[in-house]
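Accompanying notes for the structure given below.
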Amino acid sequence: MNIGKQFKEGLLTQNPVLVQMLGLCSTMAITTSIMNGLGMGVSVLIILTASNVVISAIRKIVPDKIRIAMFIVVIAGFVTCVDLLLQAFVPAIAESLGVFIPLIVVNCIILGRAEAFSYKNGIGASFFDGVFQGLGYTAVLLAMCFIRELLGAGTLAGFRIIPEQFPVGILTLPVGGFLVLGCLIAAMQWALSKSKEGK
């Protein structure tokens with residue numbers, strides 16, 4: 001288990017959104033405000049880490065033929081817990097995120113990490129994989145939220161930063177999500193190619 005390598009992979013070289021291109025639907029849909037991004041990012045981080053640990057713990061007793069069904073059951077259990085906790089303690093975020101919290105059950109990031117990592121590795125490594133992949137996802141969400149909310153609406157966390165006549169409203173629309181995500185992916189790919197050239 002190499003924690004430094006896992007940290008680098010989660011945030012940079014194997015970032016779930018910018019490199020693996022997983023979870024793009026929710027990434028573009030909910031990144032119109034910092035609070036949405038933070039709520040979704042923390043939710044995914046908790047669910048990913050908890051499900052990775054449980055899947056890794058029971059991987060040797062689950063038949064290979066039913067592993068995908070087992071992944072879904074474990075993930076759905078944690079999604080339900082997080083969804084109910086959000087509704088109980090932060091109902092504004094739960095309402096704002098709407099259907100995207102229950103849809104974490106079929107989020108490619110969670111299923112992908114279960115299949116590619118936690119089903120093949122120990123509990124400790126799976127825990128850190130969940131944390132670092134979740135942090136990588138959250139970092140991308142917050143970057144997109146910052147750009148879209150600040151430049152698109154002129155606000156940050158609901159506070160007016162840019163006067164109302166200056167924001168670029170298209171960034172708050174779905175096409176804005178595509179544009180911002182495309183720019184972030186291009187920047188990440190450029191940075192990764194430059195780091196490979198430097199080696």
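Each chain of the structure tokens is named A, B, ... in the order shown, its residues numbered from 1; ligands are numbered from 1 in display order.
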*Residues within 10 Å of Leu181 (chain A), only C-alpha atoms, excluding chain neighbours under 5 positions, as a PyMOL selection string*: chain A and resi 17-18+24+27-28+140-141+143-144+175-176+186-187
*Could you give me, as a list in words, the residues within 8 Å of Arg113 (chain A), counting only C-alpha atoms and dropping anything in the same chain fewer than 4 positions from it?*
Asn52, Ile109, Phe117, Ser118 and Gly130 of chain A
File of the preceding selection, N, CA and C atoms, as a tab-separated table (two decimals), in the first residue's frame:
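Output below, filename part.tsv:
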chain	number	residue	atom	x	y	z
A	52	ASN	N	-16.23	1.16	-0.41
A	52	ASN	CA	-14.95	0.51	-0.70
A	52	ASN	C	-14.52	-0.40	0.45
A	109	ILE	N	-18.29	6.38	-10.84
A	109	ILE	CA	-17.11	6.46	-9.98
A	109	ILE	C	-17.18	5.39	-8.90
A	117	PHE	N	-10.80	-1.57	-7.94
A	117	PHE	CA	-9.85	-1.49	-6.83
A	117	PHE	C	-10.27	-2.30	-5.60
A	118	SER	N	-11.39	-1.93	-4.98
A	118	SER	CA	-11.70	-2.51	-3.66
A	118	SER	C	-11.99	-4.01	-3.72
A	130	GLY	N	-10.78	5.22	-1.59
A	130	GLY	CA	-12.06	5.93	-1.50
A	130	GLY	C	-11.89	7.38	-1.10
*Quick one: everything within 9 Å of region 156-165 of chain A, counting only C-alpha atoms, minus sequence neighbours fewer than 5 positions away in the same chain. Send it as a ChimeraX atom specification.*
/A:33-35,145-146,149-151
With C-alpha atoms kept, could you save the residues just selected as a JSON list (two decimals), in the first residue's frame?
[["chain", "number", "residue", "atom", "x", "y", "z"],
["A", 33, "SER", "CA", -23.18, 26.80, -6.84],
["A", 34, "ILE", "CA", -20.42, 26.15, -4.31],
["A", 35, "MET", "CA", -22.85, 24.69, -1.76],
["A", 145, "CYS", "CA", -18.68, 25.55, -9.07],
["A", 146, "PHE", "CA", -16.25, 28.39, -8.43],
["A", 149, "GLU", "CA", -21.03, 30.56, -9.99],
["A", 150, "LEU", "CA", -18.52, 33.43, -9.96],
["A", 151, "LEU", "CA", -18.35, 34.11, -13.68]]
*Among listed residues A:Ile110, A:Ile185, A:Leu135, A:Ala76, nearest Phe7 (chain A) (using only C-alpha atoms)*: A:Leu135
*Contact residues around region 42-47 of chain A with only C-alpha atoms at 10 Å, ignoring same-chain residues under 4 positions, as a PyMOL selection string*: chain A and resi 37-38+51-53+74-83+86+101+104-105+107+109-110+130-138
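With CA of Lys120 (chain A) on one side and CA of Glu9 (chain A) on the other, the separation reads 17.1 Å.
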Among region 60-191 of chain A, which ones does DSSP place in helix (DSSP H, G or I), written as a PDB file with C-alpha atoms, in the first residue's frame?
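Result file is selection12.pdb:
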ATOM      1  CA  ASP A  64     -17.740 -13.724  -8.469  1.00  0.00           C
ATOM      2  CA  LYS A  65     -20.996 -14.200 -10.417  1.00  0.00           C
ATOM      3  CA  ILE A  66     -22.985 -11.915  -8.118  1.00  0.00           C
ATOM      4  CA  ARG A  67     -20.333  -9.310  -7.364  1.00  0.00           C
ATOM      5  CA  ILE A  68     -22.030  -6.488  -9.342  1.00  0.00           C
ATOM      6  CA  ALA A  69     -25.348  -7.090  -7.556  1.00  0.00           C
ATOM      7  CA  MET A  70     -23.466  -7.082  -4.262  1.00  0.00           C
ATOM      8  CA  PHE A  71     -21.801  -3.778  -5.173  1.00  0.00           C
ATOM      9  CA  ILE A  72     -25.195  -2.209  -5.882  1.00  0.00           C
ATOM     10  CA  VAL A  73     -26.704  -3.444  -2.596  1.00  0.00           C
ATOM     11  CA  VAL A  74     -23.784  -2.124  -0.528  1.00  0.00           C
ATOM     12  CA  ILE A  75     -23.677   1.222  -2.358  1.00  0.00           C
ATOM     13  CA  ALA A  76     -27.481   1.630  -2.195  1.00  0.00           C
ATOM     14  CA  GLY A  77     -27.390   1.119   1.570  1.00  0.00           C
ATOM     15  CA  PHE A  78     -24.847   3.896   2.069  1.00  0.00           C
ATOM     16  CA  VAL A  79     -26.604   6.198  -0.412  1.00  0.00           C
ATOM     17  CA  THR A  80     -29.854   5.776   1.513  1.00  0.00           C
ATOM     18  CA  CYS A  81     -28.113   6.620   4.806  1.00  0.00           C
ATOM     19  CA  VAL A  82     -26.463   9.745   3.336  1.00  0.00           C
ATOM     20  CA  ASP A  83     -29.682  10.840   1.624  1.00  0.00           C
ATOM     21  CA  LEU A  84     -31.674  10.547   4.868  1.00  0.00           C
ATOM     22  CA  LEU A  85     -28.951  12.371   6.842  1.00  0.00           C
ATOM     23  CA  LEU A  86     -28.942  15.224   4.316  1.00  0.00           C
ATOM     24  CA  GLN A  87     -32.735  15.494   4.469  1.00  0.00           C
ATOM     25  CA  ALA A  88     -32.633  15.530   8.273  1.00  0.00           C
ATOM     26  CA  PHE A  89     -29.720  17.908   8.901  1.00  0.00           C
ATOM     27  CA  PRO A  91     -32.615  19.967   3.950  1.00  0.00           C
ATOM     28  CA  ALA A  92     -31.708  22.961   1.747  1.00  0.00           C
ATOM     29  CA  ILE A  93     -28.818  21.054   0.149  1.00  0.00           C
ATOM     30  CA  ALA A  94     -30.890  17.864  -0.075  1.00  0.00           C
ATOM     31  CA  GLU A  95     -33.603  19.761  -1.927  1.00  0.00           C
ATOM     32  CA  SER A  96     -31.089  21.541  -4.165  1.00  0.00           C
ATOM     33  CA  LEU A  97     -29.338  18.313  -5.172  1.00  0.00           C
ATOM     34  CA  GLY A  98     -32.664  16.557  -5.654  1.00  0.00           C
ATOM     35  CA  VAL A  99     -32.510  13.303  -7.581  1.00  0.00           C
ATOM     36  CA  PHE A 100     -28.726  13.374  -7.943  1.00  0.00           C
ATOM     37  CA  PRO A 102     -30.186   8.800  -5.027  1.00  0.00           C
ATOM     38  CA  LEU A 103     -28.509   8.485  -8.440  1.00  0.00           C
ATOM     39  CA  ILE A 104     -25.133   8.047  -6.709  1.00  0.00           C
ATOM     40  CA  VAL A 105     -26.144   4.357  -6.527  1.00  0.00           C
ATOM     41  CA  VAL A 106     -25.321   4.037 -10.227  1.00  0.00           C
ATOM     42  CA  CYS A 108     -19.736   5.247 -12.435  1.00  0.00           C
ATOM     43  CA  ILE A 109     -17.108   6.462  -9.979  1.00  0.00           C
ATOM     44  CA  ILE A 110     -18.480   4.339  -7.138  1.00  0.00           C
ATOM     45  CA  LEU A 111     -19.060   1.233  -9.261  1.00  0.00           C
ATOM     46  CA  GLY A 112     -15.779   1.704 -11.117  1.00  0.00           C
ATOM     47  CA  ARG A 113     -13.689   1.893  -7.956  1.00  0.00           C
ATOM     48  CA  ALA A 114     -15.540  -1.096  -6.467  1.00  0.00           C
ATOM     49  CA  GLU A 115     -14.758  -3.209  -9.536  1.00  0.00           C
ATOM     50  CA  ALA A 116     -11.269  -1.901 -10.321  1.00  0.00           C
ATOM     51  CA  PHE A 117      -9.851  -1.495  -6.828  1.00  0.00           C
ATOM     52  CA  SER A 118     -11.695  -2.508  -3.662  1.00  0.00           C
ATOM     53  CA  ILE A 123      -9.369  -2.842   3.511  1.00  0.00           C
ATOM     54  CA  GLY A 124      -6.663  -0.250   4.265  1.00  0.00           C
ATOM     55  CA  ALA A 125      -5.781   0.373   0.630  1.00  0.00           C
ATOM     56  CA  SER A 126      -9.479   0.487  -0.292  1.00  0.00           C
ATOM     57  CA  PHE A 127     -10.169   3.046   2.439  1.00  0.00           C
ATOM     58  CA  PHE A 128      -7.449   5.388   1.163  1.00  0.00           C
ATOM     59  CA  ASP A 129      -8.526   4.823  -2.440  1.00  0.00           C
ATOM     60  CA  GLY A 130     -12.058   5.928  -1.505  1.00  0.00           C
ATOM     61  CA  VAL A 131     -10.805   8.998   0.355  1.00  0.00           C
ATOM     62  CA  PHE A 132      -8.412  10.150  -2.371  1.00  0.00           C
ATOM     63  CA  GLN A 133     -10.736   9.427  -5.301  1.00  0.00           C
ATOM     64  CA  GLY A 134     -13.509  11.219  -3.402  1.00  0.00           C
ATOM     65  CA  LEU A 135     -11.221  14.199  -2.769  1.00  0.00           C
ATOM     66  CA  GLY A 136     -10.311  14.282  -6.465  1.00  0.00           C
ATOM     67  CA  TYR A 137     -13.998  14.304  -7.420  1.00  0.00           C
ATOM     68  CA  THR A 138     -14.794  16.990  -4.836  1.00  0.00           C
ATOM     69  CA  ALA A 139     -11.893  19.170  -6.005  1.00  0.00           C
ATOM     70  CA  VAL A 140     -13.174  19.111  -9.597  1.00  0.00           C
ATOM     71  CA  LEU A 141     -16.729  19.892  -8.457  1.00  0.00           C
ATOM     72  CA  LEU A 142     -15.551  22.853  -6.394  1.00  0.00           C
ATOM     73  CA  ALA A 143     -13.379  24.169  -9.239  1.00  0.00           C
ATOM     74  CA  MET A 144     -16.332  23.983 -11.621  1.00  0.00           C
ATOM     75  CA  CYS A 145     -18.683  25.553  -9.069  1.00  0.00           C
ATOM     76  CA  PHE A 146     -16.247  28.386  -8.429  1.00  0.00           C
ATOM     77  CA  ILE A 147     -15.921  29.195 -12.142  1.00  0.00           C
ATOM     78  CA  ARG A 148     -19.607  28.775 -13.007  1.00  0.00           C
ATOM     79  CA  GLU A 149     -21.031  30.563  -9.985  1.00  0.00           C
ATOM     80  CA  LEU A 150     -18.522  33.427  -9.956  1.00  0.00           C
ATOM     81  CA  LEU A 151     -18.348  34.109 -13.685  1.00  0.00           C
ATOM     82  CA  GLY A 152     -21.870  32.937 -14.552  1.00  0.00           C
ATOM     83  CA  ALA A 153     -23.926  34.410 -11.717  1.00  0.00           C
ATOM     84  CA  GLY A 169     -25.006  33.963 -17.801  1.00  0.00           C
ATOM     85  CA  ILE A 170     -24.364  31.147 -20.292  1.00  0.00           C
ATOM     86  CA  LEU A 171     -22.022  29.529 -17.746  1.00  0.00           C
ATOM     87  CA  THR A 172     -24.968  28.759 -15.445  1.00  0.00           C
ATOM     88  CA  PRO A 174     -26.085  23.249 -19.200  1.00  0.00           C
ATOM     89  CA  VAL A 175     -23.872  24.336 -22.092  1.00  0.00           C
ATOM     90  CA  GLY A 176     -21.754  26.230 -19.555  1.00  0.00           C
ATOM     91  CA  GLY A 177     -21.156  22.983 -17.706  1.00  0.00           C
ATOM     92  CA  PHE A 178     -19.878  21.390 -20.914  1.00  0.00           C
ATOM     93  CA  LEU A 179     -17.612  24.364 -21.676  1.00  0.00           C
ATOM     94  CA  VAL A 180     -16.088  24.564 -18.199  1.00  0.00           C
ATOM     95  CA  LEU A 181     -15.629  20.794 -17.902  1.00  0.00           C
ATOM     96  CA  GLY A 182     -14.059  20.659 -21.377  1.00  0.00           C
ATOM     97  CA  CYS A 183     -11.570  23.386 -20.425  1.00  0.00           C
ATOM     98  CA  LEU A 184     -10.663  21.637 -17.161  1.00  0.00           C
ATOM     99  CA  ILE A 185     -10.172  18.280 -18.931  1.00  0.00           C
ATOM    100  CA  ALA A 186      -7.998  19.941 -21.578  1.00  0.00           C
ATOM    101  CA  ALA A 187      -5.909  21.670 -18.892  1.00  0.00           C
ATOM    102  CA  MET A 188      -5.443  18.390 -16.989  1.00  0.00           C
ATOM    103  CA  GLN A 189      -4.464  16.470 -20.129  1.00  0.00           C
ATOM    104  CA  TRP A 190      -1.984  19.204 -21.059  1.00  0.00           C
ATOM    105  CA  ALA A 191      -0.463  19.154 -17.562  1.00  0.00           C
TER     106      ALA A 191
END
Among chain A, which residues does DSSP mark as strand (DSSP E or B) when it is run on the backbone? Keep the chain and numbering as in the structure and answer as a PDB file with N, CA and C atoms, in the first residue's frame.
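Wrote result.pdb, looks like this:
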ATOM      1  N   THR A 155     -21.777  35.538  -8.180  1.00  0.00           N
ATOM      2  CA  THR A 155     -21.862  35.327  -6.733  1.00  0.00           C
ATOM      3  C   THR A 155     -20.924  34.190  -6.307  1.00  0.00           C
ATOM      4  N   LEU A 156     -20.676  34.108  -5.023  1.00  0.00           N
ATOM      5  CA  LEU A 156     -19.986  32.968  -4.421  1.00  0.00           C
ATOM      6  C   LEU A 156     -20.698  32.651  -3.116  1.00  0.00           C
ATOM      7  N   PHE A 159     -23.284  35.184  -2.077  1.00  0.00           N
ATOM      8  CA  PHE A 159     -22.901  36.584  -1.879  1.00  0.00           C
ATOM      9  C   PHE A 159     -22.476  37.202  -3.209  1.00  0.00           C
ATOM     10  N   ARG A 160     -23.002  38.376  -3.513  1.00  0.00           N
ATOM     11  CA  ARG A 160     -22.687  39.066  -4.769  1.00  0.00           C
ATOM     12  C   ARG A 160     -21.234  39.530  -4.756  1.00  0.00           C
TER      13      ARG A 160
END
*CA of Gly4 (chain A) to CA of Leu22 (chain A), distance in Å rounded to a single decimal*: 22.3 Å
